[in-house]
Amino acid sequence: MAQKSISVRIDSELLDQLHVVADYEGRSANSQILVLIRKCVEAYEKEHGPILNSNRDASKN
């Protein structure tokens with residue numbers, strides 16, 4: 001799977017807090033964000049069913 005990057009605007013206090021949590025978990029801030037995104041997607045799919053590429057493409061119309 002190809003990796004893509006995104007930019008996120010985040011205030012400095014929240015970023016500092018993210019670094020504390022990531023350090024505690026033994027992860028980089030980037031890895032911590034990926035864990036949180038995966039948990040979010042998992043929770044969504046548990047409630048709504050699997051997200052398919054066709055679902056994403058259809059929502060763009």
# chains A, B, ... in the order shown; residues from 1 in each chain; ligands from 1
call {"tool": "residues_around", "arguments": {"residues": "Leu18 in chain A", "least_positions_apart": "2", "cutoff": "12 Å", "atoms": "only C-alpha atoms", "output": "ChimeraX atom specification"}}
result
/A:10-16,20-25,27-33,36
call {"tool": "atom_distance", "arguments": {"atom1": "CA of Ile6 in chain A", "atom2": "CA of Ile37 in chain A"}}
result
12.8 Å
call {"tool": "atom_distance", "arguments": {"atom1": "CA of Ser5 in chain A", "atom2": "CA of Gly26 in chain A"}}
result
21.8 Å
call {"tool": "select_by_dssp", "arguments": {"residues": "chain A", "states": "helix (DSSP H, G or I)", "output": "PyMOL selection string"}}
result
chain A and resi 12-25+29-48+53-59
call {"tool": "atom_distance", "arguments": {"atom1": "CA of Lys39 in chain A", "atom2": "CA of Ile51 in chain A"}}
result
13.6 Å
